[in-house]
Amino acid sequence: MADNGEQGAAASTQPKKEEGGRINTNFIKSPLGIVLIINFIFSFLAFCMMSGFLGDTGLRTGHFGFFMYAVTHTWVALLIIFILKLIKIHTLVDCISWELTFAINTLIMTVILLIGSAVVAQRAAYYSDYHCDYINCHLIGACAFFGFAAMLGCAIQTFFHYKEWRA
């Protein structure tokens, strides 16, 4: 009889494996969830403003095209990470170190956003000096700001993912 009690106590002390497919409301309240949502908003705002600028000018390639790629890539990747973490789908596949994968992806997004935002900031300085009379050049500066803000947020998010991976 004592053996069953000891086995029951030992079984109850083992940590339960998280179940995938259920909504994790604690993730939204966590610092990582809040940073992810803020990054999502910043990258979406940068995308919308650049779309407005490109719609006015008709430019589709070059500097602004790379920025659109960087922001769109970040926005879609953050959406995928958010869904994976919110529904805990990533816990169903144990053979992948998800937190390390998320950390590497957000680090790549940080570098891409840094390059894209720096190029757009340089172009914003050029357009503000010479071409502000007939296009909405203030949108380029706003794009650069939100691009840098999303880049900073991705760097913070990379830190949180790395910290979870090391834990």
# chains A, B, ... in the order shown; residues from 1 in each chain; ligands from 1

$ residues_around --residues "Cys143 in chain A" --least-positions-apart "2" --cutoff "7 Å" --atoms "only C-alpha atoms" --output "ChimeraX atom specification"
/A:46,49-50,139-141,145-147

$ atom_distance --atom1 "CA of Ala70 in chain A" --atom2 "CA of Gly153 in chain A"
14.2 Å

$ closest_atom_pairs --of "range 51-152 of chain A" --to "range 20-42 of chain A" --cutoff "8 Å" --atoms "only C-alpha atoms" --output "JSON lines"
{"residue": "A:Trp75", "atom": "CA", "partner": "A:Phe40", "partner_atom": "CA", "distance": 5.8}
{"residue": "A:Leu78", "atom": "CA", "partner": "A:Phe40", "partner_atom": "CA", "distance": 6.3}
{"residue": "A:Leu79", "atom": "CA", "partner": "A:Phe40", "partner_atom": "CA", "distance": 7.2}
{"residue": "A:Phe82", "atom": "CA", "partner": "A:Leu36", "partner_atom": "CA", "distance": 7.2}
{"residue": "A:Lys85", "atom": "CA", "partner": "A:Phe27", "partner_atom": "CA", "distance": 7.2}
{"residue": "A:Leu86", "atom": "CA", "partner": "A:Asn24", "partner_atom": "CA", "distance": 5.1}
{"residue": "A:Ile87", "atom": "CA", "partner": "A:Ile23", "partner_atom": "CA", "distance": 4.5}
{"residue": "A:Lys88", "atom": "CA", "partner": "A:Gly20", "partner_atom": "CA", "distance": 4.7}
{"residue": "A:Ile89", "atom": "CA", "partner": "A:Gly20", "partner_atom": "CA", "distance": 4.9}
{"residue": "A:His90", "atom": "CA", "partner": "A:Gly20", "partner_atom": "CA", "distance": 7.2}
{"residue": "A:Thr91", "atom": "CA", "partner": "A:Gly20", "partner_atom": "CA", "distance": 5.6}
{"residue": "A:Leu92", "atom": "CA", "partner": "A:Gly20", "partner_atom": "CA", "distance": 5.7}
{"residue": "A:Phe146", "atom": "CA", "partner": "A:Phe42", "partner_atom": "CA", "distance": 5.5}
{"residue": "A:Gly147", "atom": "CA", "partner": "A:Phe42", "partner_atom": "CA", "distance": 7.2}
{"residue": "A:Ala149", "atom": "CA", "partner": "A:Phe42", "partner_atom": "CA", "distance": 6.7}
{"residue": "A:Ala150", "atom": "CA", "partner": "A:Asn39", "partner_atom": "CA", "distance": 5.1}

$ write_last_selection --atoms "C-alpha atoms" --output "PDB file, in the first residue's frame"
ATOM      1  CA  TRP A  75       5.453  41.566 -40.188  1.00  0.00           C
ATOM      2  CA  LEU A  78       6.041  38.098 -36.277  1.00  0.00           C
ATOM      3  CA  LEU A  79       2.491  37.051 -37.098  1.00  0.00           C
ATOM      4  CA  PHE A  82       2.632  35.117 -32.425  1.00  0.00           C
ATOM      5  CA  LYS A  85       3.232  30.994 -29.230  1.00  0.00           C
ATOM      6  CA  LEU A  86      -0.412  31.957 -28.622  1.00  0.00           C
ATOM      7  CA  ILE A  87      -1.834  28.556 -29.546  1.00  0.00           C
ATOM      8  CA  LYS A  88       1.281  26.706 -28.296  1.00  0.00           C
ATOM      9  CA  ILE A  89       1.604  24.775 -31.536  1.00  0.00           C
ATOM     10  CA  HIS A  90       5.378  24.843 -31.150  1.00  0.00           C
ATOM     11  CA  THR A  91       5.118  22.548 -28.109  1.00  0.00           C
ATOM     12  CA  LEU A  92       3.789  19.717 -30.281  1.00  0.00           C
ATOM     13  CA  PHE A 146       9.010  53.018 -37.337  1.00  0.00           C
ATOM     14  CA  GLY A 147      11.560  50.806 -39.074  1.00  0.00           C
ATOM     15  CA  ALA A 149      11.554  51.222 -33.680  1.00  0.00           C
ATOM     16  CA  ALA A 150      10.670  47.765 -35.027  1.00  0.00           C
TER      17      ALA A 150
END

$ residues_around --residues "Gly62 in chain A" --least-positions-apart "3" --cutoff "12 Å" --atoms "only C-alpha atoms" --output "number ranges by chain"
A: 54, 59, 65-69, 116, 119-120, 123

$ closest_residue --among "A:Phe64, A:Phe148, A:Phe44, A:Tyr162" --to "Leu113 in chain A" --atoms "only C-alpha atoms"
A:Phe148

$ closest_residue --among "A:Val111, A:Val76, A:Ile104, A:Ser97" --to "Leu152 in chain A" --atoms "only C-alpha atoms"
A:Val111

$ closest_residue --among "A:Ala144, A:Cys137, A:Leu45, A:Ile156" --to "Gln122 in chain A" --atoms "only C-alpha atoms"
A:Ala144

$ residues_around --residues "Cys154 in chain A" --least-positions-apart "5" --cutoff "7 Å" --atoms "only C-alpha atoms" --output "list in words"
Asn39, Thr106, Met109 and Thr110 of chain A

$ write_last_selection --atoms "C-alpha atoms" --output "PDB file, in the first residue's frame"
ATOM      1  CA  ASN A  39       6.807  45.069 -32.977  1.00  0.00           C
ATOM      2  CA  THR A 106      14.358  37.749 -34.831  1.00  0.00           C
ATOM      3  CA  MET A 109      14.918  40.460 -38.808  1.00  0.00           C
ATOM      4  CA  THR A 110      16.840  42.952 -36.670  1.00  0.00           C
TER       5      THR A 110
END

$ closest_residue --among "A:Thr74, A:Ser117, A:Phe160, A:Asn136" --to "Gly55 in chain A" --atoms "only C-alpha atoms"
A:Asn136

$ closest_residue --among "A:Phe102, A:Trp165, A:Tyr126, A:Phe47" --to "Ala77 in chain A" --atoms "only C-alpha atoms"
A:Phe102

$ closest_residue --among "A:Ile81, A:Ile108, A:Ala124, A:His161" --to "Ala142 in chain A" --atoms "only C-alpha atoms"
A:Ala124

$ select_by_dssp --residues "range 7-164 of chain A" --states "helix (DSSP H, G or I)" --output "count of residues only"
128

$ atom_distance --atom1 "CA of Asp94 in chain A" --atom2 "CA of Lys163 in chain A"
18.6 Å

$ decode --residues "range 86-104 of chain A" --atoms "N, CA and C atoms" --output "short mmCIF file (atom, residue, chain, number, x, y, z; two decimals), in the first residue's frame"
data_model
loop_
_atom_site.label_atom_id
_atom_site.label_comp_id
_atom_site.auth_asym_id
_atom_site.auth_seq_id
_atom_site.Cartn_x
_atom_site.Cartn_y
_atom_site.Cartn_z
N LEU A 86 0.90 31.76 -29.22
CA LEU A 86 -0.41 31.96 -28.62
C LEU A 86 -1.17 30.63 -28.51
N ILE A 87 -1.10 29.82 -29.55
CA ILE A 87 -1.83 28.56 -29.55
C ILE A 87 -0.95 27.41 -29.04
N LYS A 88 0.31 27.68 -28.80
CA LYS A 88 1.28 26.71 -28.30
C LYS A 88 1.46 25.54 -29.26
N ILE A 89 1.39 25.81 -30.54
CA ILE A 89 1.60 24.78 -31.54
C ILE A 89 3.05 24.30 -31.50
N HIS A 90 3.96 25.20 -31.17
CA HIS A 90 5.38 24.84 -31.15
C HIS A 90 5.70 23.78 -30.11
N THR A 91 4.85 23.58 -29.12
CA THR A 91 5.12 22.55 -28.11
C THR A 91 4.81 21.14 -28.62
N LEU A 92 4.12 21.03 -29.74
CA LEU A 92 3.79 19.72 -30.28
C LEU A 92 4.97 19.05 -30.98
N VAL A 93 5.94 19.85 -31.42
CA VAL A 93 7.11 19.32 -32.10
C VAL A 93 8.31 19.51 -31.18
N ASP A 94 8.80 18.40 -30.61
CA ASP A 94 9.88 18.47 -29.63
C ASP A 94 11.27 18.45 -30.24
N CYS A 95 11.39 18.06 -31.50
CA CYS A 95 12.73 17.89 -32.08
C CYS A 95 13.37 19.21 -32.50
N ILE A 96 12.66 20.31 -32.38
CA ILE A 96 13.19 21.63 -32.75
C ILE A 96 13.33 22.47 -31.49
N SER A 97 14.44 23.13 -31.36
CA SER A 97 14.61 24.08 -30.26
C SER A 97 13.95 25.40 -30.69
N TRP A 98 12.68 25.52 -30.34
CA TRP A 98 11.88 26.63 -30.86
C TRP A 98 12.38 27.98 -30.38
N GLU A 99 12.75 28.10 -29.14
CA GLU A 99 13.19 29.40 -28.64
C GLU A 99 14.48 29.84 -29.33
N LEU A 100 15.38 28.91 -29.59
CA LEU A 100 16.59 29.25 -30.34
C LEU A 100 16.24 29.63 -31.78
N THR A 101 15.31 28.91 -32.37
CA THR A 101 14.86 29.22 -33.73
C THR A 101 14.25 30.61 -33.78
N PHE A 102 13.39 30.92 -32.81
CA PHE A 102 12.79 32.26 -32.75
C PHE A 102 13.86 33.33 -32.54
N ALA A 103 14.85 33.06 -31.69
CA ALA A 103 15.92 34.02 -31.43
C ALA A 103 16.73 34.29 -32.69
N ILE A 104 17.07 33.25 -33.44
CA ILE A 104 17.84 33.43 -34.68
C ILE A 104 17.02 34.20 -35.70
#
